[in-house]
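Trainee: Dropping the structure in here first, questions after.
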Amino acid sequence: MSIGRKLRSNMAFNIIGGIVLVITLFAFVVGAIGFVSFTNSFKKEYSTTTYHMADTATSLVNGDHLFDYLTGLEMEEYQRTKRYLENYCKRMAVSIVYVIMVEQNGFDYFFSIFNCVNNEVDNTSYVPWELGHRRQTTNEDYRQEYIKLYNKQAPYGTIYRINTKDGNNWHITTLVPIMDSNDDVAGLLCIQRPINEIYKARIPYLITIVISTIVLVFLASAFAVFFMKKQLIGPIRKVSFEATRFARENKKGEELGDISSFEELANLAKSIDTMETDMVSYMENLTVITAEKERIGTELALASDIQTGSIPNTFPAFPDRTDFDIFASMDPAKEVGGDFYNFFLVDNDHLAMVIGDVSGKGVPAALFMMVSNILASVRTQTGGNPAQILEFVNDKICESNKLDMFVTIWLGILQLSTGKLVASNAGHEYPAIMHAGGGFELYKDKHGFVVGGMEGVRYTDYEIQLSPGDKIFVYTDGVPEATDADNNMFGVDRMLSALNFEPDANPEKMLGNVRSAVDAFVKDAQQFDDLTMLCMEYKG
Amino acid sequence: MLSINKNIDNGKAVFCLEGRLDTITAPELEKSLQESIEGVKSLTFDFGNLEYISSAGLRVILAAQKLMTGKGEMKVCNLNETVKEIFEVTGFSDILTIE
């Protein structure tokens with residue numbers, strides 16, 4: 001930025017410069033007005049004085065004989081009067097005293113009667129006109145004055161000759177009528193005086209004005225610099241610097257405090273102070289909250305690992321078994337979820353499969369899920385029918401279920417040597433079964449109440465005979481209830497179609513097909529519920 | 001996405017639910033129930049306009065059932081097919097009075 005542009009955008013420079021400029025202009029205008037009115041009153045005073053001088057001179061002239069002088073009569077009186085006027089001219093220090101008779105038809109010419117010159121007064125070189133010298137009226141100004149005076153419309157006339165081009169100094173000519181005994185205008189007596197004094201007198205006046213203007217401007221600037229700077233510009237700069245500093249450093253600075261007597265500025269400073277305090281405490285809070293959030297995030301990630309580790313997740317799970325194939329997946333909507341699956345060999349001939357769905361989501365559901373899964377699997381290891389196992393788990397959970405949470409569980413135990421599946425359903429989704437050569441169909445099993453809902457609930461077992469090539473698919477409601485952006489649900493029918501898309505595929509491929517169909521259906525909509533599936537193929 | 005219209009008169013409370021009772025809306029119903037269940041002898045849920053109920057919603061219904069046990073009666077009515085199926089699958093239809 002150039003220095004010029006910098007100055008133009010600098011507030012102190014603008015305000016102080018503006019004040020100086022306005023005061024200078026003001027002083028200039030006031031000075032000019034004073035100067036003009038001073039000149040006018042001086043001119044008026046000067047012309048009045050000159051009039052009185054001329055009026056006095058008329059008493060020396062006999063108005064009744066003016067015409068006689070022209071015709072050569074009364075020459076003794078003429079000579080006497082001429083001497084009087086010459087004396088007068090010398091003593092009164094006027095350049096010229098002259099008496100003329102104007103031709104009244106047009107006032108374009110006049111005759112000179114008396115003409116006394118004192119060239120010493122104004123260093124002039126006038127040559128006196130002879131008696132009877134006929135001259136053309138000098139200019140229109142004079143003609144107008146002649147008409148006025150001959151018609152008695154004014155007691156006297158004044159003509160200022162300023163900036164004359166004839167090389168003469170500035171002068172004033174005052175014209176007064178000479179009356180005859182009939183009170184008519186017989187001629188005009190004119191006095192010409194130099195006017196230089198007026199202009200000489202104006203110089204000290206001008207100097208006074210210039211000096212007082214300079215003093216005024218200086219005082220105003222001093223006021224602007226000291227008062228404005230202290231009360232206005234200084235505080236604004238402080239606020240501006242503080243705001244810039246705070247924006248850059250984000251740290252609380254020294255309080256601005258009470259920086260100006262202007263209420264608005266004082267309030268602005270107070271607001272900046274308050275804002276800084278609030279912002280700093282807000283940022284501190286935010287830092288604490290962010291740290292807390294990170295901590296929770298880390299813990300949730302650990303919890304997620306623990307949860308995933310608590311269920312079998314290495315596939316193939318039983319690489320040495322040729323009599324069955326099993327695959328399962330769990331995708332929580334959040335870091336941790338309330339769904340679970342589990343499978344394990346109770347003994348060499350019995351495969352237990354569990355799938356469960358806890359009411360709710362997130363951490364509470366995950367804790368509940370861990371308890372349910374451990375209770376169910378530990379109890380299953382000790383032997384018994386699925387219904388007995390579920391009743392045990394239900395009673396255990398009900399003992400300490402403060403939040404009225406519950407879990408739906410499907411539990412099946414398959415005898416691998418015979419293909420006999422014994423299962424029990426505690427409020428869980430219907431399993432889908434595929435018999436070799438056919439398609440998947442929902443198996444509408446007998447449902448018991450959810451686990452954890454009520455103490456002492458009884459469950460019933462049912463049996464399904466599986467043949468080699470048969471498959472069973474169990475899932476949580478996250479699959480049929482997966483929702484797209486328009487709130488449409490995926491539904492059981494679409495799920496069965498996806499399963500039957502490749503009925504001969506292995507369990508892993510089956511789950512992949514269902515997952516792809518769900519993803520294609522919900523598209524960009526957020527996964528809302530945990531999504532868990534388990535598929536087992538009995539090979540015999 | 002859930003509107004609760006409750007009508008309590010002389011110990012008889014009727015909750016008419018409209019919309020979806022899921023993880024997001026279930027806490028609203030829970031709060032509404034806690035506020036007004038005091039002194040209620042008969043609690044009815046009208047599910048005429050309820051489109052869907054999730055496990056979180058079932059939890060609130062179960063909690064209400066437990067609260068009413070010994071204090072009075074509770075029933076649910078006007079279930080649509082979706083909701084009825086959910087009640088059946090979860091076994092809730094066995095422990096609730098459904099009309």
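Going through the structure tokens in order, the chains are called A, B, and so on, while each chain numbers its residues from 1 and the ligands are numbered from 1 in the order shown.
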Identify every residue of chain A that has at least one atom within 12 Å of any atom of chain B, counting only C-alpha atoms, and report the result as a PyMOL selection string.
Mentor: chain A and resi 338-339+356-362+364-365+401-410+425-431+443-455+457-459+476-478+480-481+487-489+491-492+528-530
Trainee: Near Asn5 of chain B, counting only C-alpha atoms, which residues have an atom at most 12 Å away, once you skip same-chain residues fewer than 6 positions from it, shown as a ChimeraX atom specification?
Mentor: /B:13-19,28-29,32-33,44-50
Trainee: As an mmCIF file with all heavy atoms, in the first residue's frame, list the residues of chain B assigned to helix (DSSP H, G or I) by DSSP on the backbone atoms of this structure.
Mentor:
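Okay, this is what ended up in out-v2.cif:
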data_model
loop_
_atom_site.group_PDB
_atom_site.id
_atom_site.type_symbol
_atom_site.label_atom_id
_atom_site.label_comp_id
_atom_site.auth_asym_id
_atom_site.auth_seq_id
_atom_site.Cartn_x
_atom_site.Cartn_y
_atom_site.Cartn_z
ATOM 1 N N ALA B 26 -39.458 -43.239 21.413
ATOM 2 C CA ALA B 26 -39.855 -43.969 22.618
ATOM 3 C C ALA B 26 -39.656 -43.160 23.912
ATOM 4 O O ALA B 26 -40.537 -43.167 24.776
ATOM 5 C CB ALA B 26 -39.123 -45.299 22.692
ATOM 6 N N PRO B 27 -38.515 -42.427 24.043
ATOM 7 C CA PRO B 27 -38.339 -41.638 25.276
ATOM 8 C C PRO B 27 -39.453 -40.609 25.498
ATOM 9 O O PRO B 27 -39.808 -40.325 26.643
ATOM 10 C CB PRO B 27 -36.986 -40.944 25.062
ATOM 11 C CG PRO B 27 -36.253 -41.813 24.109
ATOM 12 C CD PRO B 27 -37.299 -42.382 23.209
ATOM 13 N N GLU B 28 -40.033 -40.101 24.415
ATOM 14 C CA GLU B 28 -41.147 -39.144 24.569
ATOM 15 C C GLU B 28 -42.328 -39.810 25.260
ATOM 16 O O GLU B 28 -42.931 -39.250 26.173
ATOM 17 C CB GLU B 28 -41.621 -38.658 23.181
ATOM 18 C CG GLU B 28 -40.686 -37.701 22.480
ATOM 19 C CD GLU B 28 -41.173 -37.424 21.059
ATOM 20 O OE1 GLU B 28 -42.406 -37.305 20.858
ATOM 21 O OE2 GLU B 28 -40.324 -37.341 20.148
ATOM 22 N N LEU B 29 -42.653 -41.012 24.782
ATOM 23 C CA LEU B 29 -43.791 -41.718 25.364
ATOM 24 C C LEU B 29 -43.487 -42.081 26.819
ATOM 25 O O LEU B 29 -44.352 -41.950 27.694
ATOM 26 C CB LEU B 29 -44.093 -42.981 24.542
ATOM 27 C CG LEU B 29 -45.227 -43.829 25.075
ATOM 28 C CD1 LEU B 29 -46.546 -43.059 25.021
ATOM 29 C CD2 LEU B 29 -45.362 -45.138 24.293
ATOM 30 N N GLU B 30 -42.244 -42.483 27.068
ATOM 31 C CA GLU B 30 -41.850 -42.865 28.429
ATOM 32 C C GLU B 30 -42.046 -41.687 29.376
ATOM 33 O O GLU B 30 -42.611 -41.820 30.464
ATOM 34 C CB GLU B 30 -40.391 -43.314 28.411
ATOM 35 C CG GLU B 30 -39.980 -44.008 29.701
ATOM 36 C CD GLU B 30 -38.600 -44.647 29.577
ATOM 37 O OE1 GLU B 30 -37.855 -44.285 28.658
ATOM 38 O OE2 GLU B 30 -38.289 -45.509 30.424
ATOM 39 N N LYS B 31 -41.601 -40.508 28.935
ATOM 40 C CA LYS B 31 -41.717 -39.306 29.749
ATOM 41 C C LYS B 31 -43.183 -38.938 29.964
ATOM 42 O O LYS B 31 -43.609 -38.642 31.083
ATOM 43 C CB LYS B 31 -41.003 -38.143 29.026
ATOM 44 C CG LYS B 31 -40.723 -36.966 29.915
ATOM 45 C CD LYS B 31 -39.777 -35.988 29.215
ATOM 46 C CE LYS B 31 -39.871 -34.625 29.844
ATOM 47 N NZ LYS B 31 -40.314 -33.589 28.916
ATOM 48 N N SER B 32 -43.949 -39.041 28.882
ATOM 49 C CA SER B 32 -45.365 -38.696 28.950
ATOM 50 C C SER B 32 -46.095 -39.630 29.916
ATOM 51 O O SER B 32 -46.958 -39.202 30.693
ATOM 52 C CB SER B 32 -45.956 -38.788 27.543
ATOM 53 O OG SER B 32 -47.328 -38.517 27.575
ATOM 54 N N LEU B 33 -45.712 -40.904 29.893
ATOM 55 C CA LEU B 33 -46.343 -41.875 30.795
ATOM 56 C C LEU B 33 -45.984 -41.571 32.243
ATOM 57 O O LEU B 33 -46.855 -41.569 33.122
ATOM 58 C CB LEU B 33 -45.862 -43.282 30.441
ATOM 59 C CG LEU B 33 -46.632 -44.002 29.336
ATOM 60 C CD1 LEU B 33 -45.857 -45.211 28.860
ATOM 61 C CD2 LEU B 33 -48.007 -44.429 29.845
ATOM 62 N N GLN B 34 -44.696 -41.294 32.479
ATOM 63 C CA GLN B 34 -44.251 -41.025 33.853
ATOM 64 C C GLN B 34 -44.989 -39.831 34.441
ATOM 65 O O GLN B 34 -45.292 -39.803 35.626
ATOM 66 C CB GLN B 34 -42.745 -40.773 33.870
ATOM 67 C CG GLN B 34 -41.938 -42.060 33.866
ATOM 68 C CD GLN B 34 -40.470 -41.831 33.536
ATOM 69 O OE1 GLN B 34 -40.048 -40.697 33.268
ATOM 70 N NE2 GLN B 34 -39.707 -42.903 33.534
ATOM 71 N N GLU B 35 -45.272 -38.855 33.590
ATOM 72 C CA GLU B 35 -45.932 -37.641 34.073
ATOM 73 C C GLU B 35 -47.376 -37.899 34.507
ATOM 74 O O GLU B 35 -47.881 -37.263 35.414
ATOM 75 C CB GLU B 35 -45.938 -36.583 32.958
ATOM 76 C CG GLU B 35 -44.603 -35.882 32.773
ATOM 77 C CD GLU B 35 -44.549 -35.080 31.486
ATOM 78 O OE1 GLU B 35 -45.569 -35.070 30.757
ATOM 79 O OE2 GLU B 35 -43.501 -34.479 31.214
ATOM 80 N N SER B 36 -48.050 -38.859 33.827
ATOM 81 C CA SER B 36 -49.492 -38.942 34.057
ATOM 82 C C SER B 36 -49.976 -40.259 34.637
ATOM 83 O O SER B 36 -51.163 -40.434 34.866
ATOM 84 C CB SER B 36 -50.226 -38.659 32.751
ATOM 85 O OG SER B 36 -49.401 -38.773 31.647
ATOM 86 N N SER B 55 -38.170 -52.299 19.065
ATOM 87 C CA SER B 55 -37.930 -52.921 20.369
ATOM 88 C C SER B 55 -37.864 -51.861 21.468
ATOM 89 O O SER B 55 -38.282 -52.105 22.593
ATOM 90 C CB SER B 55 -36.649 -53.736 20.325
ATOM 91 O OG SER B 55 -35.561 -52.922 19.930
ATOM 92 N N ALA B 56 -37.375 -50.654 21.121
ATOM 93 C CA ALA B 56 -37.324 -49.585 22.121
ATOM 94 C C ALA B 56 -38.745 -49.204 22.536
ATOM 95 O O ALA B 56 -39.002 -48.885 23.705
ATOM 96 C CB ALA B 56 -36.597 -48.376 21.557
ATOM 97 N N GLY B 57 -39.679 -49.241 21.582
ATOM 98 C CA GLY B 57 -41.081 -48.939 21.889
ATOM 99 C C GLY B 57 -41.694 -50.044 22.729
ATOM 100 O O GLY B 57 -42.415 -49.783 23.701
ATOM 101 N N LEU B 58 -41.348 -51.281 22.388
ATOM 102 C CA LEU B 58 -41.871 -52.420 23.154
ATOM 103 C C LEU B 58 -41.419 -52.328 24.609
ATOM 104 O O LEU B 58 -42.145 -52.684 25.523
ATOM 105 C CB LEU B 58 -41.375 -53.728 22.538
ATOM 106 C CG LEU B 58 -41.973 -54.080 21.164
ATOM 107 C CD1 LEU B 58 -41.278 -55.309 20.590
ATOM 108 C CD2 LEU B 58 -43.479 -54.334 21.281
ATOM 109 N N ARG B 59 -40.192 -51.834 24.805
ATOM 110 C CA ARG B 59 -39.644 -51.701 26.157
ATOM 111 C C ARG B 59 -40.515 -50.780 26.993
ATOM 112 O O ARG B 59 -40.803 -51.070 28.150
ATOM 113 C CB ARG B 59 -38.223 -51.131 26.064
ATOM 114 C CG ARG B 59 -37.350 -51.512 27.227
ATOM 115 C CD ARG B 59 -36.133 -50.639 27.300
ATOM 116 N NE ARG B 59 -36.281 -49.837 28.492
ATOM 117 C CZ ARG B 59 -36.290 -48.523 28.571
ATOM 118 N NH1 ARG B 59 -36.120 -47.829 27.549
ATOM 119 N NH2 ARG B 59 -36.460 -47.878 29.691
ATOM 120 N N VAL B 60 -40.961 -49.667 26.382
ATOM 121 C CA VAL B 60 -41.802 -48.712 27.115
ATOM 122 C C VAL B 60 -43.158 -49.345 27.450
ATOM 123 O O VAL B 60 -43.682 -49.194 28.554
ATOM 124 C CB VAL B 60 -41.993 -47.417 26.290
ATOM 125 C CG1 VAL B 60 -42.899 -46.445 27.023
ATOM 126 C CG2 VAL B 60 -40.646 -46.765 26.008
ATOM 127 N N ILE B 61 -43.706 -50.107 26.483
ATOM 128 C CA ILE B 61 -44.995 -50.781 26.724
ATOM 129 C C ILE B 61 -44.851 -51.802 27.853
ATOM 130 O O ILE B 61 -45.699 -51.906 28.742
ATOM 131 C CB ILE B 61 -45.482 -51.486 25.427
ATOM 132 C CG1 ILE B 61 -45.621 -50.468 24.280
ATOM 133 C CG2 ILE B 61 -46.799 -52.229 25.665
ATOM 134 C CD1 ILE B 61 -46.635 -49.385 24.528
ATOM 135 N N LEU B 62 -43.703 -52.538 27.824
ATOM 136 C CA LEU B 62 -43.451 -53.541 28.866
ATOM 137 C C LEU B 62 -43.331 -52.871 30.235
ATOM 138 O O LEU B 62 -43.896 -53.339 31.225
ATOM 139 C CB LEU B 62 -42.161 -54.304 28.523
ATOM 140 C CG LEU B 62 -41.702 -55.348 29.539
ATOM 141 C CD1 LEU B 62 -42.759 -56.448 29.677
ATOM 142 C CD2 LEU B 62 -40.363 -55.968 29.132
ATOM 143 N N ALA B 63 -42.607 -51.719 30.262
ATOM 144 C CA ALA B 63 -42.449 -50.991 31.522
ATOM 145 C C ALA B 63 -43.813 -50.535 32.040
ATOM 146 O O ALA B 63 -44.095 -50.600 33.248
ATOM 147 C CB ALA B 63 -41.519 -49.798 31.320
ATOM 148 N N ALA B 64 -44.668 -50.080 31.134
ATOM 149 C CA ALA B 64 -45.998 -49.618 31.529
ATOM 150 C C ALA B 64 -46.808 -50.790 32.092
ATOM 151 O O ALA B 64 -47.481 -50.664 33.114
ATOM 152 C CB ALA B 64 -46.712 -49.002 30.317
ATOM 153 N N GLN B 65 -46.682 -51.939 31.425
ATOM 154 C CA GLN B 65 -47.404 -53.145 31.883
ATOM 155 C C GLN B 65 -46.969 -53.518 33.300
ATOM 156 O O GLN B 65 -47.775 -53.822 34.152
ATOM 157 C CB GLN B 65 -47.109 -54.289 30.902
ATOM 158 C CG GLN B 65 -47.611 -55.647 31.352
ATOM 159 C CD GLN B 65 -49.124 -55.761 31.215
ATOM 160 O OE1 GLN B 65 -49.720 -55.179 30.313
ATOM 161 N NE2 GLN B 65 -49.748 -56.496 32.145
ATOM 162 N N LYS B 66 -45.648 -53.427 33.542
ATOM 163 C CA LYS B 66 -45.141 -53.776 34.871
ATOM 164 C C LYS B 66 -45.643 -52.801 35.929
ATOM 165 O O LYS B 66 -45.951 -53.192 37.050
ATOM 166 C CB LYS B 66 -43.607 -53.776 34.853
ATOM 167 C CG LYS B 66 -43.027 -55.013 34.182
ATOM 168 C CD LYS B 66 -41.515 -55.005 34.292
ATOM 169 C CE LYS B 66 -40.917 -56.246 33.635
ATOM 170 N NZ LYS B 66 -39.455 -56.156 33.581
ATOM 171 N N LEU B 67 -45.683 -51.501 35.535
ATOM 172 C CA LEU B 67 -46.151 -50.470 36.469
ATOM 173 C C LEU B 67 -47.616 -50.705 36.841
ATOM 174 O O LEU B 67 -48.023 -50.511 37.988
ATOM 175 C CB LEU B 67 -46.022 -49.078 35.831
ATOM 176 C CG LEU B 67 -44.735 -48.305 36.103
ATOM 177 C CD1 LEU B 67 -44.700 -47.045 35.276
ATOM 178 C CD2 LEU B 67 -44.619 -47.971 37.597
ATOM 179 N N MET B 68 -48.412 -51.112 35.841
ATOM 180 C CA MET B 68 -49.845 -51.252 36.074
ATOM 181 C C MET B 68 -50.192 -52.535 36.821
ATOM 182 O O MET B 68 -51.272 -52.656 37.394
ATOM 183 C CB MET B 68 -50.602 -51.228 34.728
ATOM 184 C CG MET B 68 -50.596 -49.879 34.027
ATOM 185 S SD MET B 68 -51.137 -48.525 35.078
ATOM 186 C CE MET B 68 -52.871 -48.908 35.251
ATOM 187 N N GLU B 81 -51.666 -54.439 11.067
ATOM 188 C CA GLU B 81 -51.067 -55.747 10.790
ATOM 189 C C GLU B 81 -49.590 -55.793 11.174
ATOM 190 O O GLU B 81 -49.138 -56.745 11.801
ATOM 191 C CB GLU B 81 -51.240 -56.089 9.296
ATOM 192 C CG GLU B 81 -52.616 -56.665 8.963
ATOM 193 C CD GLU B 81 -52.990 -57.853 9.851
ATOM 194 O OE1 GLU B 81 -52.167 -58.794 9.993
ATOM 195 O OE2 GLU B 81 -54.102 -57.838 10.428
ATOM 196 N N THR B 82 -48.855 -54.731 10.794
ATOM 197 C CA THR B 82 -47.422 -54.691 11.089
ATOM 198 C C THR B 82 -47.179 -54.783 12.587
ATOM 199 O O THR B 82 -46.361 -55.600 13.059
ATOM 200 C CB THR B 82 -46.816 -53.372 10.565
ATOM 201 O OG1 THR B 82 -47.278 -53.143 9.241
ATOM 202 C CG2 THR B 82 -45.307 -53.396 10.595
ATOM 203 N N VAL B 83 -47.897 -53.948 13.327
ATOM 204 C CA VAL B 83 -47.687 -53.889 14.773
ATOM 205 C C VAL B 83 -48.144 -55.202 15.419
ATOM 206 O O VAL B 83 -47.479 -55.738 16.313
ATOM 207 C CB VAL B 83 -48.423 -52.669 15.372
ATOM 208 C CG1 VAL B 83 -48.305 -52.656 16.885
ATOM 209 C CG2 VAL B 83 -47.881 -51.375 14.777
ATOM 210 N N LYS B 84 -49.270 -55.725 14.910
ATOM 211 C CA LYS B 84 -49.782 -56.983 15.466
ATOM 212 C C LYS B 84 -48.748 -58.097 15.294
ATOM 213 O O LYS B 84 -48.492 -58.883 16.196
ATOM 214 C CB LYS B 84 -51.094 -57.359 14.756
ATOM 215 C CG LYS B 84 -51.872 -58.473 15.467
ATOM 216 C CD LYS B 84 -53.092 -58.876 14.655
ATOM 217 C CE LYS B 84 -54.368 -58.259 15.195
ATOM 218 N NZ LYS B 84 -55.516 -58.531 14.323
ATOM 219 N N GLU B 85 -48.108 -58.127 14.114
ATOM 220 C CA GLU B 85 -47.119 -59.159 13.833
ATOM 221 C C GLU B 85 -45.922 -59.028 14.772
ATOM 222 O O GLU B 85 -45.411 -60.018 15.292
ATOM 223 C CB GLU B 85 -46.676 -59.044 12.376
ATOM 224 C CG GLU B 85 -46.115 -60.364 11.856
ATOM 225 C CD GLU B 85 -45.611 -60.228 10.431
ATOM 226 O OE1 GLU B 85 -46.310 -59.585 9.626
ATOM 227 O OE2 GLU B 85 -44.512 -60.733 10.151
ATOM 228 N N ILE B 86 -45.495 -57.776 14.975
ATOM 229 C CA ILE B 86 -44.370 -57.545 15.882
ATOM 230 C C ILE B 86 -44.717 -58.041 17.288
ATOM 231 O O ILE B 86 -43.915 -58.692 17.953
ATOM 232 C CB ILE B 86 -43.979 -56.053 15.892
ATOM 233 C CG1 ILE B 86 -43.413 -55.646 14.522
ATOM 234 C CG2 ILE B 86 -42.960 -55.760 16.990
ATOM 235 C CD1 ILE B 86 -43.241 -54.163 14.322
ATOM 236 N N PHE B 87 -45.950 -57.755 17.717
ATOM 237 C CA PHE B 87 -46.389 -58.210 19.039
ATOM 238 C C PHE B 87 -46.393 -59.726 19.128
ATOM 239 O O PHE B 87 -46.026 -60.313 20.149
ATOM 240 C CB PHE B 87 -47.793 -57.658 19.355
ATOM 241 C CG PHE B 87 -47.762 -56.306 20.019
ATOM 242 C CD1 PHE B 87 -47.241 -55.199 19.358
ATOM 243 C CD2 PHE B 87 -48.238 -56.129 21.321
ATOM 244 C CE1 PHE B 87 -47.209 -53.965 19.968
ATOM 245 C CE2 PHE B 87 -48.194 -54.890 21.940
ATOM 246 C CZ PHE B 87 -47.681 -53.810 21.269
ATOM 247 N N GLU B 88 -46.813 -60.360 18.030
ATOM 248 C CA GLU B 88 -46.858 -61.817 18.032
ATOM 249 C C GLU B 88 -45.447 -62.412 18.017
ATOM 250 O O GLU B 88 -45.141 -63.320 18.789
ATOM 251 C CB GLU B 88 -47.659 -62.316 16.825
ATOM 252 C CG GLU B 88 -49.149 -62.328 17.131
ATOM 253 C CD GLU B 88 -50.016 -62.488 15.887
ATOM 254 O OE1 GLU B 88 -49.458 -62.787 14.811
ATOM 255 O OE2 GLU B 88 -51.232 -62.276 16.014
ATOM 256 N N VAL B 89 -44.607 -61.892 17.141
ATOM 257 C CA VAL B 89 -43.248 -62.427 17.019
ATOM 258 C C VAL B 89 -42.500 -62.324 18.341
ATOM 259 O O VAL B 89 -41.784 -63.221 18.748
ATOM 260 C CB VAL B 89 -42.487 -61.686 15.897
ATOM 261 C CG1 VAL B 89 -40.997 -61.965 15.979
ATOM 262 C CG2 VAL B 89 -43.033 -62.089 14.546
ATOM 263 N N PHE B 92 -45.197 -60.612 22.878
ATOM 264 C CA PHE B 92 -45.919 -59.624 23.678
ATOM 265 C C PHE B 92 -47.418 -59.899 23.691
ATOM 266 O O PHE B 92 -48.102 -59.606 24.670
ATOM 267 C CB PHE B 92 -45.668 -58.194 23.133
ATOM 268 C CG PHE B 92 -44.493 -57.520 23.775
ATOM 269 C CD1 PHE B 92 -43.208 -57.966 23.545
ATOM 270 C CD2 PHE B 92 -44.675 -56.433 24.631
ATOM 271 C CE1 PHE B 92 -42.122 -57.364 24.145
ATOM 272 C CE2 PHE B 92 -43.596 -55.818 25.245
ATOM 273 C CZ PHE B 92 -42.305 -56.277 24.999
ATOM 274 N N SER B 93 -47.904 -60.484 22.580
ATOM 275 C CA SER B 93 -49.346 -60.745 22.526
ATOM 276 C C SER B 93 -49.766 -61.748 23.606
ATOM 277 O O SER B 93 -50.924 -61.801 23.986
ATOM 278 C CB SER B 93 -49.740 -61.220 21.125
ATOM 279 O OG SER B 93 -48.812 -62.174 20.683
ATOM 280 N N ASP B 94 -48.796 -62.513 24.120
ATOM 281 C CA ASP B 94 -49.138 -63.475 25.167
ATOM 282 C C ASP B 94 -49.303 -62.830 26.536
ATOM 283 O O ASP B 94 -50.007 -63.349 27.387
ATOM 284 C CB ASP B 94 -48.035 -64.542 25.269
ATOM 285 C CG ASP B 94 -47.902 -65.339 23.982
ATOM 286 O OD1 ASP B 94 -48.897 -65.347 23.206
ATOM 287 O OD2 ASP B 94 -46.832 -65.920 23.753
ATOM 288 N N ILE B 95 -48.614 -61.740 26.754
ATOM 289 C CA ILE B 95 -48.650 -61.172 28.117
ATOM 290 C C ILE B 95 -49.482 -59.903 28.196
ATOM 291 O O ILE B 95 -49.773 -59.415 29.279
ATOM 292 C CB ILE B 95 -47.224 -60.870 28.634
ATOM 293 C CG1 ILE B 95 -46.545 -59.802 27.741
ATOM 294 C CG2 ILE B 95 -46.380 -62.128 28.710
ATOM 295 C CD1 ILE B 95 -45.709 -58.867 28.546
#
Trainee: Please return, as number ranges by chain, all residues of chain B that DSSP assigns to strand (DSSP E) on the basis of the backbone.
Mentor: B: 2-9, 12-21, 42-53, 73-77, 97-98
Trainee: Mind writing the picked residues with C-alpha atoms as an mmCIF file, in the first residue's frame?
Mentor:
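Okay, out11.cif is ready:
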data_model
loop_
_atom_site.group_PDB
_atom_site.id
_atom_site.type_symbol
_atom_site.label_atom_id
_atom_site.label_comp_id
_atom_site.auth_asym_id
_atom_site.auth_seq_id
_atom_site.Cartn_x
_atom_site.Cartn_y
_atom_site.Cartn_z
ATOM 1 C CA LEU B 2 -44.718 -39.551 16.896
ATOM 2 C CA SER B 3 -47.654 -37.638 18.223
ATOM 3 C CA ILE B 4 -49.119 -38.547 21.573
ATOM 4 C CA ASN B 5 -52.691 -37.627 22.326
ATOM 5 C CA LYS B 6 -53.530 -38.440 25.908
ATOM 6 C CA ASN B 7 -56.873 -38.258 27.630
ATOM 7 C CA ILE B 8 -57.029 -38.776 31.380
ATOM 8 C CA ASP B 9 -60.359 -38.776 33.167
ATOM 9 C CA LYS B 12 -58.879 -43.734 33.193
ATOM 10 C CA ALA B 13 -56.061 -42.863 30.798
ATOM 11 C CA VAL B 14 -56.166 -43.316 27.034
ATOM 12 C CA PHE B 15 -53.000 -42.771 24.999
ATOM 13 C CA CYS B 16 -53.630 -42.411 21.283
ATOM 14 C CA LEU B 17 -50.361 -42.804 19.360
ATOM 15 C CA GLU B 18 -49.776 -41.716 15.804
ATOM 16 C CA GLY B 19 -46.636 -42.333 13.740
ATOM 17 C CA ARG B 20 -43.632 -44.450 14.635
ATOM 18 C CA LEU B 21 -42.655 -45.614 18.094
ATOM 19 C CA SER B 42 -57.065 -48.125 33.750
ATOM 20 C CA LEU B 43 -54.526 -47.539 30.992
ATOM 21 C CA THR B 44 -55.400 -47.970 27.324
ATOM 22 C CA PHE B 45 -53.081 -47.606 24.337
ATOM 23 C CA ASP B 46 -54.906 -46.852 21.125
ATOM 24 C CA PHE B 47 -52.567 -47.922 18.288
ATOM 25 C CA GLY B 48 -55.071 -47.087 15.531
ATOM 26 C CA ASN B 49 -52.642 -44.728 13.837
ATOM 27 C CA LEU B 50 -49.388 -46.325 14.935
ATOM 28 C CA GLU B 51 -47.444 -47.427 11.858
ATOM 29 C CA TYR B 52 -44.506 -49.174 13.450
ATOM 30 C CA ILE B 53 -43.121 -50.167 16.815
ATOM 31 C CA GLU B 73 -55.544 -52.919 34.185
ATOM 32 C CA MET B 74 -53.786 -52.137 30.953
ATOM 33 C CA LYS B 75 -54.804 -52.938 27.403
ATOM 34 C CA VAL B 76 -53.811 -52.111 23.844
ATOM 35 C CA CYS B 77 -56.266 -51.813 21.001
ATOM 36 C CA THR B 97 -54.419 -57.648 26.883
ATOM 37 C CA ILE B 98 -55.028 -56.959 23.211
#
Trainee: Expressed in Å to a single decimal, how great is the separation between atom CA of Met179 of chain A and atom CA of Tyr150 of chain A?
Mentor: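 Spanning atom CA of Met179 of chain A to atom CA of Tyr150 of chain A is a straight-line distance of 9.9 Å.
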Trainee: Do you know which residues are at most 9 Å from Ile162 of chain A counting only C-alpha atoms, after dropping those on the same chain fewer than 3 positions away, and could you put them as a list in words?
Mentor: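 What passes the distance filter is Lys165, Asn169, Trp170, His171, Ile172 and Ile195 of chain A.
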Trainee: Which polymer residues have any atom within 10 Å of an atom of Ser47 of chain A, counting only C-alpha atoms, with same-chain residues fewer than 4 positions away left out, as a PyMOL selection string?
Mentor: chain A and resi 41-43+51-53+156-160+172-174+193+195
